[in-house]
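A.B. asks: Dropping in entry01.pdb, with PDB, C-alpha atoms, pLDDT in the B column.
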```
ATOM      1  CA  PRO A   1     -37.319 -85.556 201.491  1.00 35.00           C
ATOM      2  CA  GLY A   2     -40.498 -83.563 200.830  1.00 35.00           C
ATOM      3  CA  ARG A   3     -40.483 -84.562 197.179  1.00 42.00           C
ATOM      4  CA  LEU A   4     -39.980 -88.221 198.034  1.00 43.00           C
ATOM      5  CA  ALA A   5     -42.720 -88.180 200.667  1.00 43.00           C
ATOM      6  CA  LEU A   6     -45.139 -86.630 198.188  1.00 40.00           C
ATOM      7  CA  HIS A   7     -44.395 -89.282 195.593  1.00 48.00           C
ATOM      8  CA  VAL A   8     -44.484 -92.188 198.024  1.00 43.00           C
ATOM      9  CA  ASN A   9     -47.911 -91.117 199.250  1.00 42.00           C
ATOM     10  CA  MET A  10     -49.139 -91.029 195.656  1.00 49.00           C
ATOM     11  CA  SER A  11     -47.346 -94.169 194.480  1.00 65.00           C
ATOM     12  CA  ASN A  12     -49.509 -96.959 193.155  1.00 91.00           C
ATOM     13  CA  TYR A  13     -47.633 -99.915 191.737  1.00 97.00           C
ATOM     14  CA  GLY A  14     -48.320-103.586 191.253  1.00 97.00           C
ATOM     15  CA  VAL A  15     -45.973-106.553 191.007  1.00 98.00           C
ATOM     16  CA  VAL A  16     -46.140-109.483 188.578  1.00 98.00           C
ATOM     17  CA  ILE A  17     -44.187-112.705 189.144  1.00 98.00           C
ATOM     18  CA  PRO A  18     -44.480-115.478 186.529  1.00 98.00           C
ATOM     19  CA  ALA A  19     -43.846-118.838 188.196  1.00 98.00           C
ATOM     20  CA  PHE A  20     -43.376-122.380 186.935  1.00 97.00           C
ATOM     21  CA  ASN A  21     -42.515-125.116 189.454  1.00 97.00           C
ATOM     22  CA  ALA A  22     -41.058-122.473 191.771  1.00 97.00           C
ATOM     23  CA  ALA A  23     -41.913-124.081 195.112  1.00 97.00           C
ATOM     24  CA  ALA A  24     -38.270-124.060 196.215  1.00 95.00           C
ATOM     25  CA  THR A  25     -37.885-120.288 195.816  1.00 96.00           C
ATOM     26  CA  ILE A  26     -41.241-118.494 195.559  1.00 98.00           C
ATOM     27  CA  VAL A  27     -41.665-117.785 199.275  1.00 97.00           C
ATOM     28  CA  GLU A  28     -38.250-116.139 199.552  1.00 96.00           C
ATOM     29  CA  THR A  29     -38.928-114.147 196.397  1.00 98.00           C
ATOM     30  CA  LEU A  30     -42.274-112.935 197.724  1.00 98.00           C
ATOM     31  CA  ARG A  31     -40.721-111.957 201.051  1.00 97.00           C
ATOM     32  CA  SER A  32     -38.275-109.714 199.195  1.00 98.00           C
ATOM     33  CA  VAL A  33     -41.300-107.985 197.640  1.00 98.00           C
ATOM     34  CA  LEU A  34     -43.155-107.671 200.940  1.00 97.00           C
ATOM     35  CA  GLU A  35     -40.060-106.183 202.595  1.00 97.00           C
ATOM     36  CA  GLN A  36     -39.866-103.216 200.210  1.00 97.00           C
ATOM     37  CA  THR A  37     -39.638 -99.806 201.859  1.00 96.00           C
ATOM     38  CA  VAL A  38     -42.631 -98.749 199.745  1.00 96.00           C
ATOM     39  CA  ALA A  39     -45.417-101.318 199.812  1.00 95.00           C
ATOM     40  CA  ALA A  40     -47.093-102.594 196.637  1.00 96.00           C
ATOM     41  CA  GLU A  41     -50.754-101.999 195.997  1.00 95.00           C
ATOM     42  CA  ASP A  42     -51.095-105.463 194.465  1.00 96.00           C
ATOM     43  CA  ILE A  43     -48.821-108.521 194.162  1.00 98.00           C
ATOM     44  CA  LEU A  44     -49.786-111.075 191.557  1.00 98.00           C
ATOM     45  CA  VAL A  45     -48.151-114.463 191.004  1.00 98.00           C
ATOM     46  CA  VAL A  46     -49.096-116.102 187.707  1.00 98.00           C
ATOM     47  CA  ASP A  47     -48.719-119.870 188.040  1.00 98.00           C
ATOM     48  CA  ASP A  48     -47.725-121.037 184.559  1.00 97.00           C
ATOM     49  CA  GLY A  49     -49.020-124.599 184.820  1.00 97.00           C
ATOM     50  CA  SER A  50     -46.867-125.715 187.758  1.00 98.00           C
ATOM     51  CA  THR A  51     -46.994-129.350 188.863  1.00 97.00           C
ATOM     52  CA  ASP A  52     -45.411-128.776 192.290  1.00 98.00           C
ATOM     53  CA  ASP A  53     -46.612-126.858 195.382  1.00 98.00           C
ATOM     54  CA  THR A  54     -46.101-123.382 193.930  1.00 98.00           C
ATOM     55  CA  ALA A  55     -49.813-122.489 193.998  1.00 98.00           C
ATOM     56  CA  ALA A  56     -50.347-123.747 197.558  1.00 98.00           C
ATOM     57  CA  LEU A  57     -47.368-121.787 198.874  1.00 98.00           C
ATOM     58  CA  VAL A  58     -48.549-118.586 197.188  1.00 98.00           C
ATOM     59  CA  LEU A  59     -52.080-118.977 198.557  1.00 97.00           C
ATOM     60  CA  ALA A  60     -50.653-119.517 202.043  1.00 97.00           C
ATOM     61  CA  MET A  61     -48.978-116.075 201.899  1.00 95.00           C
ATOM     62  CA  GLY A  62     -52.372-114.320 201.939  1.00 91.00           C
ATOM     63  CA  GLY A  63     -52.588-110.562 202.376  1.00 91.00           C
ATOM     64  CA  ARG A  64     -51.726-108.565 199.273  1.00 90.00           C
ATOM     65  CA  VAL A  65     -50.445-111.635 197.414  1.00 97.00           C
ATOM     66  CA  ARG A  66     -52.836-112.980 194.774  1.00 97.00           C
ATOM     67  CA  LEU A  67     -52.621-116.022 192.506  1.00 98.00           C
ATOM     68  CA  LEU A  68     -53.658-116.477 188.893  1.00 98.00           C
ATOM     69  CA  ARG A  69     -53.341-119.809 187.118  1.00 98.00           C
ATOM     70  CA  GLN A  70     -52.892-120.608 183.444  1.00 97.00           C
ATOM     71  CA  ASP A  71     -51.873-123.607 181.363  1.00 97.00           C
ATOM     72  CA  ASN A  72     -48.141-123.716 180.755  1.00 96.00           C
ATOM     73  CA  ALA A  73     -47.399-121.161 178.039  1.00 95.00           C
ATOM     74  CA  GLY A  74     -44.092-119.566 179.020  1.00 95.00           C
ATOM     75  CA  PRO A  75     -42.847-116.685 181.184  1.00 95.00           C
ATOM     76  CA  GLY A  76     -43.663-114.036 178.581  1.00 96.00           C
ATOM     77  CA  LYS A  77     -47.300-115.087 178.356  1.00 96.00           C
ATOM     78  CA  ALA A  78     -47.513-115.379 182.155  1.00 97.00           C
ATOM     79  CA  SER A  79     -46.028-111.892 182.558  1.00 97.00           C
ATOM     80  CA  THR A  80     -48.494-110.433 180.059  1.00 97.00           C
ATOM     81  CA  THR A  81     -51.405-112.163 181.772  1.00 97.00           C
ATOM     82  CA  GLY A  82     -50.392-110.649 185.102  1.00 97.00           C
ATOM     83  CA  ILE A  83     -49.747-107.145 183.804  1.00 97.00           C
ATOM     84  CA  THR A  84     -53.109-107.121 182.036  1.00 96.00           C
ATOM     85  CA  ALA A  85     -54.837-108.196 185.257  1.00 97.00           C
ATOM     86  CA  LEU A  86     -53.385-105.274 187.242  1.00 96.00           C
ATOM     87  CA  SER A  87     -55.010-101.845 187.394  1.00 94.00           C
ATOM     88  CA  THR A  88     -52.033 -99.938 188.810  1.00 95.00           C
ATOM     89  CA  PRO A  89     -50.369 -97.223 186.677  1.00 95.00           C
ATOM     90  CA  LEU A  90     -46.900 -98.596 187.476  1.00 96.00           C
ATOM     91  CA  VAL A  91     -45.840-102.232 187.151  1.00 97.00           C
ATOM     92  CA  ALA A  92     -42.754-104.021 188.453  1.00 98.00           C
ATOM     93  CA  THR A  93     -41.855-107.568 187.450  1.00 98.00           C
ATOM     94  CA  LEU A  94     -39.689-110.236 189.029  1.00 98.00           C
ATOM     95  CA  ASP A  95     -38.619-113.780 188.214  1.00 97.00           C
ATOM     96  CA  SER A  96     -39.800-116.358 190.730  1.00 97.00           C
ATOM     97  CA  ASP A  97     -36.289-117.295 191.889  1.00 95.00           C
ATOM     98  CA  ASP A  98     -34.707-113.830 192.119  1.00 96.00           C
ATOM     99  CA  LEU A  99     -34.707-111.285 194.962  1.00 97.00           C
ATOM    100  CA  TRP A 100     -35.198-107.540 195.319  1.00 98.00           C
ATOM    101  CA  LEU A 101     -33.116-105.485 197.713  1.00 97.00           C
ATOM    102  CA  PRO A 102     -35.394-103.618 200.164  1.00 97.00           C
ATOM    103  CA  HIS A 103     -34.928-100.157 198.604  1.00 97.00           C
ATOM    104  CA  LYS A 104     -35.381-101.308 194.990  1.00 98.00           C
ATOM    105  CA  ILE A 105     -38.857 -99.927 194.413  1.00 97.00           C
ATOM    106  CA  GLU A 106     -38.216 -96.715 196.351  1.00 96.00           C
ATOM    107  CA  ARG A 107     -35.224 -95.867 194.151  1.00 97.00           C
ATOM    108  CA  GLN A 108     -37.228 -96.484 190.997  1.00 97.00           C
ATOM    109  CA  LEU A 109     -40.248 -94.487 192.141  1.00 96.00           C
ATOM    110  CA  VAL A 110     -37.994 -91.522 192.859  1.00 95.00           C
ATOM    111  CA  HIS A 111     -36.397 -91.862 189.417  1.00 96.00           C
ATOM    112  CA  LEU A 112     -39.719 -91.998 187.577  1.00 95.00           C
ATOM    113  CA  ASP A 113     -41.016 -89.074 189.639  1.00 93.00           C
ATOM    114  CA  ARG A 114     -38.030 -86.978 188.588  1.00 94.00           C
ATOM    115  CA  SER A 115     -38.066 -88.235 184.969  1.00 95.00           C
ATOM    116  CA  PRO A 116     -41.653 -88.052 183.692  1.00 93.00           C
ATOM    117  CA  GLN A 117     -40.378 -88.589 180.136  1.00 95.00           C
ATOM    118  CA  SER A 118     -39.052 -92.041 181.106  1.00 96.00           C
ATOM    119  CA  ALA A 119     -41.407 -94.954 180.391  1.00 96.00           C
ATOM    120  CA  GLY A 120     -39.423 -97.507 182.370  1.00 97.00           C
ATOM    121  CA  VAL A 121     -36.443 -97.919 184.649  1.00 98.00           C
ATOM    122  CA  PHE A 122     -34.099-100.802 185.431  1.00 98.00           C
ATOM    123  CA  GLY A 123     -31.243-101.346 187.890  1.00 98.00           C
ATOM    124  CA  HIS A 124     -27.995-103.237 188.207  1.00 98.00           C
ATOM    125  CA  ILE A 125     -28.044-106.864 189.307  1.00 97.00           C
ATOM    126  CA  ARG A 126     -25.640-109.326 190.922  1.00 95.00           C
ATOM    127  CA  ASN A 127     -25.651-113.107 190.995  1.00 93.00           C
ATOM    128  CA  PHE A 128     -25.833-115.240 194.123  1.00 92.00           C
ATOM    129  CA  ARG A 129     -25.548-118.960 194.715  1.00 84.00           C
ATOM    130  CA  ASP A 130     -28.744-120.860 195.378  1.00 80.00           C
ATOM    131  CA  ASN A 131     -29.892-120.575 199.017  1.00 71.00           C
ATOM    132  CA  ARG A 132     -26.950-118.261 199.830  1.00 72.00           C
ATOM    133  CA  PRO A 133     -27.983-114.665 199.035  1.00 66.00           C
ATOM    134  CA  ASP A 134     -25.018-113.415 201.085  1.00 68.00           C
ATOM    135  CA  GLU A 135     -22.571-115.181 198.750  1.00 72.00           C
ATOM    136  CA  LEU A 136     -22.493-112.874 195.735  1.00 77.00           C
ATOM    137  CA  THR A 137     -20.553-113.890 192.634  1.00 75.00           C
ATOM    138  CA  GLY A 138     -19.259-111.842 189.754  1.00 78.00           C
ATOM    139  CA  ALA A 139     -19.496-108.115 189.196  1.00 88.00           C
ATOM    140  CA  ALA A 140     -22.644-106.031 189.242  1.00 94.00           C
ATOM    141  CA  VAL A 141     -24.002-105.611 185.719  1.00 96.00           C
ATOM    142  CA  PRO A 142     -26.832-103.596 184.139  1.00 97.00           C
ATOM    143  CA  GLY A 143     -29.946-105.688 184.615  1.00 97.00           C
ATOM    144  CA  TRP A 144     -31.962-105.282 181.435  1.00 96.00           C
ATOM    145  CA  SER A 145     -34.249-108.016 182.707  1.00 95.00           C
ATOM    146  CA  ARG A 146     -37.641-108.823 184.180  1.00 96.00           C
ATOM    147  CA  SER A 147     -36.248-108.865 187.718  1.00 98.00           C
ATOM    148  CA  THR A 148     -35.188-105.205 187.742  1.00 98.00           C
ATOM    149  CA  MET A 149     -37.895-103.684 185.529  1.00 97.00           C
ATOM    150  CA  MET A 150     -40.464-101.064 186.551  1.00 98.00           C
ATOM    151  CA  PHE A 151     -42.510 -99.323 183.865  1.00 97.00           C
ATOM    152  CA  ARG A 152     -45.587 -97.254 183.167  1.00 95.00           C
ATOM    153  CA  ARG A 153     -48.360 -99.604 182.096  1.00 91.00           C
ATOM    154  CA  GLU A 154     -49.160 -97.666 178.904  1.00 91.00           C
ATOM    155  CA  MET A 155     -45.899 -99.090 177.549  1.00 93.00           C
ATOM    156  CA  LEU A 156     -47.440-102.577 177.397  1.00 92.00           C
ATOM    157  CA  GLU A 157     -50.546-101.159 175.743  1.00 89.00           C
ATOM    158  CA  ALA A 158     -48.394 -99.571 173.016  1.00 94.00           C
ATOM    159  CA  VAL A 159     -45.694-102.227 172.565  1.00 95.00           C
ATOM    160  CA  GLY A 160     -47.936-105.279 172.827  1.00 95.00           C
ATOM    161  CA  PRO A 161     -47.549-108.571 174.711  1.00 95.00           C
ATOM    162  CA  ILE A 162     -44.305-110.143 175.862  1.00 95.00           C
ATOM    163  CA  LEU A 163     -43.815-112.991 173.399  1.00 92.00           C
ATOM    164  CA  ASP A 164     -42.131-116.315 174.171  1.00 92.00           C
ATOM    165  CA  PRO A 165     -39.662-117.342 171.445  1.00 85.00           C
ATOM    166  CA  PRO A 166     -38.693-121.001 170.839  1.00 74.00           C
ATOM    167  CA  GLY A 167     -36.910-122.385 173.886  1.00 64.00           C
ATOM    168  CA  ARG A 168     -38.531-119.684 176.035  1.00 59.00           C
ATOM    169  CA  ARG A 169     -35.392-117.595 176.336  1.00 74.00           C
ATOM    170  CA  GLY A 170     -34.959-114.041 175.109  1.00 86.00           C
ATOM    171  CA  GLU A 171     -38.511-112.771 175.537  1.00 92.00           C
ATOM    172  CA  MET A 172     -37.416-109.759 177.583  1.00 93.00           C
ATOM    173  CA  ILE A 173     -34.639-108.864 175.120  1.00 92.00           C
ATOM    174  CA  ASP A 174     -37.282-108.840 172.388  1.00 92.00           C
ATOM    175  CA  TRP A 175     -39.827-106.786 174.353  1.00 95.00           C
ATOM    176  CA  ILE A 176     -37.296-104.189 175.495  1.00 95.00           C
ATOM    177  CA  ALA A 177     -36.038-103.838 171.904  1.00 93.00           C
ATOM    178  CA  ARG A 178     -39.595-103.359 170.653  1.00 93.00           C
ATOM    179  CA  ALA A 179     -40.234-100.726 173.324  1.00 95.00           C
ATOM    180  CA  ARG A 180     -37.181 -98.762 172.239  1.00 94.00           C
ATOM    181  CA  GLU A 181     -38.151 -99.069 168.580  1.00 92.00           C
ATOM    182  CA  ALA A 182     -41.563 -97.645 169.521  1.00 93.00           C
ATOM    183  CA  GLY A 183     -39.797 -94.578 170.912  1.00 95.00           C
ATOM    184  CA  PHE A 184     -40.037 -95.272 174.636  1.00 97.00           C
ATOM    185  CA  ARG A 185     -37.217 -94.067 176.871  1.00 97.00           C
ATOM    186  CA  LEU A 186     -35.842 -96.717 179.232  1.00 98.00           C
ATOM    187  CA  ASP A 187     -33.353 -95.745 181.945  1.00 98.00           C
ATOM    188  CA  MET A 188     -30.784 -97.675 183.981  1.00 98.00           C
ATOM    189  CA  ILE A 189     -30.046 -96.833 187.628  1.00 98.00           C
ATOM    190  CA  ASP A 190     -26.358 -97.303 188.411  1.00 97.00           C
ATOM    191  CA  GLU A 191     -27.007 -99.224 191.620  1.00 97.00           C
ATOM    192  CA  VAL A 192     -27.578-102.885 192.478  1.00 97.00           C
ATOM    193  CA  LEU A 193     -31.311-103.298 193.081  1.00 98.00           C
ATOM    194  CA  ALA A 194     -31.824-107.046 192.611  1.00 97.00           C
ATOM    195  CA  LEU A 195     -30.072-110.385 193.020  1.00 96.00           C
ATOM    196  CA  ARG A 196     -30.197-113.158 190.436  1.00 94.00           C
ATOM    197  CA  ARG A 197     -30.196-116.712 191.735  1.00 93.00           C
ATOM    198  CA  ILE A 198     -27.779-119.163 190.106  1.00 88.00           C
ATOM    199  CA  ARG A 199     -29.667-122.418 190.346  1.00 73.00           C
ATOM    200  CA  PRO A 200     -29.212-125.565 188.236  1.00 63.00           C
ATOM    201  CA  GLY A 201     -32.408-126.430 186.438  1.00 55.00           C
ATOM    202  CA  SER A 202     -33.784-122.911 186.164  1.00 49.00           C
ATOM    203  CA  LEU A 203     -34.885-121.659 182.754  1.00 49.00           C
ATOM    204  CA  SER A 204     -31.964-119.247 182.450  1.00 50.00           C
ATOM    205  CA  TYR A 205     -29.254-121.520 183.893  1.00 50.00           C
ATOM    206  CA  GLY A 206     -26.276-122.326 181.685  1.00 54.00           C
ATOM    207  CA  ARG A 207     -26.144-122.766 177.944  1.00 48.00           C
ATOM    208  CA  ASP A 208     -28.644-125.058 176.256  1.00 55.00           C
ATOM    209  CA  PRO A 209     -28.821-125.251 172.437  1.00 58.00           C
ATOM    210  CA  ALA A 210     -32.548-126.002 172.458  1.00 54.00           C
ATOM    211  CA  ARG A 211     -33.395-123.117 174.778  1.00 55.00           C
ATOM    212  CA  ASP A 212     -30.876-120.741 173.213  1.00 57.00           C
ATOM    213  CA  ARG A 213     -32.779-120.915 169.914  1.00 59.00           C
ATOM    214  CA  GLY A 214     -34.903-118.151 171.389  1.00 56.00           C
ATOM    215  CA  TYR A 215     -32.015-115.691 171.256  1.00 50.00           C
ATOM    216  CA  LEU A 216     -31.492-116.436 167.563  1.00 56.00           C
ATOM    217  CA  GLU A 217     -35.186-115.904 166.865  1.00 60.00           C
ATOM    218  CA  VAL A 218     -35.157-112.604 168.758  1.00 52.00           C
ATOM    219  CA  ALA A 219     -32.187-111.429 166.678  1.00 62.00           C
ATOM    220  CA  ARG A 220     -33.922-112.529 163.460  1.00 61.00           C
ATOM    221  CA  LEU A 221     -37.101-110.639 164.348  1.00 62.00           C
ATOM    222  CA  ALA A 222     -35.124-107.498 165.196  1.00 57.00           C
ATOM    223  CA  LEU A 223     -33.353-107.602 161.816  1.00 61.00           C
ATOM    224  CA  LYS A 224     -36.693-108.168 160.080  1.00 65.00           C
ATOM    225  CA  ARG A 225     -38.231-105.121 161.788  1.00 64.00           C
ATOM    226  CA  ARG A 226     -35.238-102.983 160.831  1.00 65.00           C
ATOM    227  CA  ALA A 227     -35.424-104.125 157.226  1.00 64.00           C
ATOM    228  CA  GLY A 228     -39.125-103.336 157.168  1.00 66.00           C
ATOM    229  CA  LYS A 229     -38.526 -99.879 158.606  1.00 63.00           C
ATOM    230  CA  ALA A 230     -35.745 -99.197 156.090  1.00 52.00           C
ATOM    231  CA  GLY A 231     -38.084-100.207 153.287  1.00 60.00           C
ATOM    232  CA  ARG A 232     -40.691 -97.708 154.459  1.00 66.00           C
ATOM    233  CA  ASP A 233     -38.222 -94.822 154.851  1.00 60.00           C
TER
END
```
Could you rewrite the structure in this file as structure tokens?
C.D. replies:
Amino acid sequence: PGRLALHVNMSNYGVVIPAFNAAATIVETLRSVLEQTVAAEDILVVDDGSTDDTAALVLAMGGRVRLLRQDNAGPGKASTTGITALSTPLVATLDSDDLWLPHKIERQLVHLDRSPQSAGVFGHIRNFRDNRPDELTGAAVPGWSRSTMMFRREMLEAVGPILDPPGRRGEMIDWIARAREAGFRLDMIDEVLALRRIRPGSLSYGRDPARDRGYLEVARLALKRRAGKAGRD
């Protein structure tokens, strides 16, 4: 308990939420951030060119919640914009339709405190049906995703921006792969820390050939980097 109390008193983390037409979910998502057992220093929603009431709902939250706006460029660009705008040494990210469990940040702060060699930490995630967070579906799985990620901000400075591939899917797979290739250690907590909303119409919902092109591009870029590294060795 003494170790945890010391770290919690010293903790200084910010939150970035990229949002595009997220009026139906953004308030619930923000409440899950505000209900964390360790409060954020800064909470930043990056409105990625929404045409609905996303911006108005975020502004109405007030308090520690801030809003940045940009022309529609994709969730990777919006995430990078938000991370760059923060000054906190630790950054946590979250999709605008997902939820954190109340102890999510506390668990990750403890892990990073005990593992100074770790640059980032993730947690397991479970799916839930839209508007029914108590109705979980499927098994808990390792959440190598934006919604479970907390990392030390120097990782972004070394790895570079989160890039949006064609179709705007796969940007986090690409960024996490690049972080590992740069030698950063990323850990996974074996505990459910976030809930992923299953909602028709969301960017990650279902299979879509046009959107899924991003995964192919991410795989191509990874193979290209490996070939380049092999050529230099």
A.B. asks: Which segment 57-143 of chain A residues have any atom within 9 Å of an atom of segment 173-184 of chain A, and for each, what is the nearest pair of atoms with distance in Å to one decimal, counting only C-alpha atoms, rows sorted by chain and number, as JSON lines?
C.D. replies:
```
{"residue": "A:Gln117", "atom": "CA", "partner": "A:Phe184", "partner_atom": "CA", "distance": 8.7}
{"residue": "A:Ser118", "atom": "CA", "partner": "A:Phe184", "partner_atom": "CA", "distance": 7.3}
{"residue": "A:Ala119", "atom": "CA", "partner": "A:Phe184", "partner_atom": "CA", "distance": 5.9}
{"residue": "A:Gly120", "atom": "CA", "partner": "A:Phe184", "partner_atom": "CA", "distance": 8.1}
```
A.B. asks: For Leu101 of chain A, which residue out of A:Ile125, A:Ile198, A:Ile17, A:Ala60 is the nearest one, using all atoms listed in the file?
C.D. replies: A:Ile125
A.B. asks: Give me, as a CSV table (one decimal) with C-alpha atoms, in the coordinates of the input, all polymer residues having an atom no more than 9 Å from Arg69 of chain A, counting all atoms listed in the file and skipping those fewer than 2 positions away in the same chain.
C.D. replies:
```csv
chain,number,residue,atom,x,y,z
A,45,VAL,CA,-48.2,-114.5,191.0
A,46,VAL,CA,-49.1,-116.1,187.7
A,47,ASP,CA,-48.7,-119.9,188.0
A,48,ASP,CA,-47.7,-121.0,184.6
A,49,GLY,CA,-49.0,-124.6,184.8
A,50,SER,CA,-46.9,-125.7,187.8
A,55,ALA,CA,-49.8,-122.5,194.0
A,67,LEU,CA,-52.6,-116.0,192.5
A,71,ASP,CA,-51.9,-123.6,181.4
A,78,ALA,CA,-47.5,-115.4,182.2
```
A.B. asks: Just how far from atom CA of Pro102 of chain A is atom CA of Arg132 of chain A, in Å to one decimal?
C.D. replies: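 Taking atom CA of Arg132 of chain A as the start and atom CA of Pro102 of chain A as the end point, the length is 16.9 Å.
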A.B. asks: Set the distance at 7 Å and use all atoms listed in the file: which residues neighbour Asp52 of chain A once local chain neighbours fewer than 2 positions away are removed? I'd like the list as a tab-separated table (two decimals) with C-alpha atoms, in the frame of the given file.
C.D. replies:
```tsv
chain	number	residue	atom	x	y	z
A	21	ASN	CA	-42.52	-125.12	189.45
A	23	ALA	CA	-41.91	-124.08	195.11
A	50	SER	CA	-46.87	-125.72	187.76
A	54	THR	CA	-46.10	-123.38	193.93
```
A.B. asks: For Ile26 of chain A, which residue among A:Thr137, A:Asn131, A:Ser96, A:Gln70 is the nearest when counting all atoms listed in the file?
C.D. replies: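 Looking at the shortest contact to Ile26 of chain A, the residue is A:Ser96.
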A.B. asks: Do a neighbour search on Arg146 of chain A at 8 Å with all atoms listed in the file, toss out local chain neighbours closer than 4 positions, and write the hits as a PDB file with C-alpha atoms, keeping the file's coordinate frame.
C.D. replies:
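Written output follows (result-v8.pdb):
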```
ATOM      1  CA  THR A  93     -41.855-107.568 187.450  1.00 98.00           C
ATOM      2  CA  LEU A  94     -39.689-110.236 189.029  1.00 98.00           C
ATOM      3  CA  ASP A  95     -38.619-113.780 188.214  1.00 97.00           C
ATOM      4  CA  MET A 172     -37.416-109.759 177.583  1.00 93.00           C
TER       5      MET A 172
END
```
A.B. asks: Write out, as a tab-separated table, each residue of segment 91-201 of chain A that has an atom at most 7 Å from segment 34-37 of chain A, together with the closest pair of atoms and their distance in Å to one decimal, counting all atoms listed in the file, rows going by chain and rising number.
C.D. replies:
```
residue	atom	partner	partner_atom	distance
A:Pro102	CA	A:Gln36	CA	4.5
A:His103	CA	A:Thr37	CA	5.7
A:Ile105	CA	A:Gln36	CA	6.7
A:Glu106	CA	A:Thr37	CA	6.5
```
A.B. asks: So what do you get for atom CA of Asp98 of chain A versus atom CA of Ala194 of chain A, distance-wise?
C.D. replies: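 Separating atom CA of Asp98 of chain A from atom CA of Ala194 of chain A is a distance of 7.4 Å.
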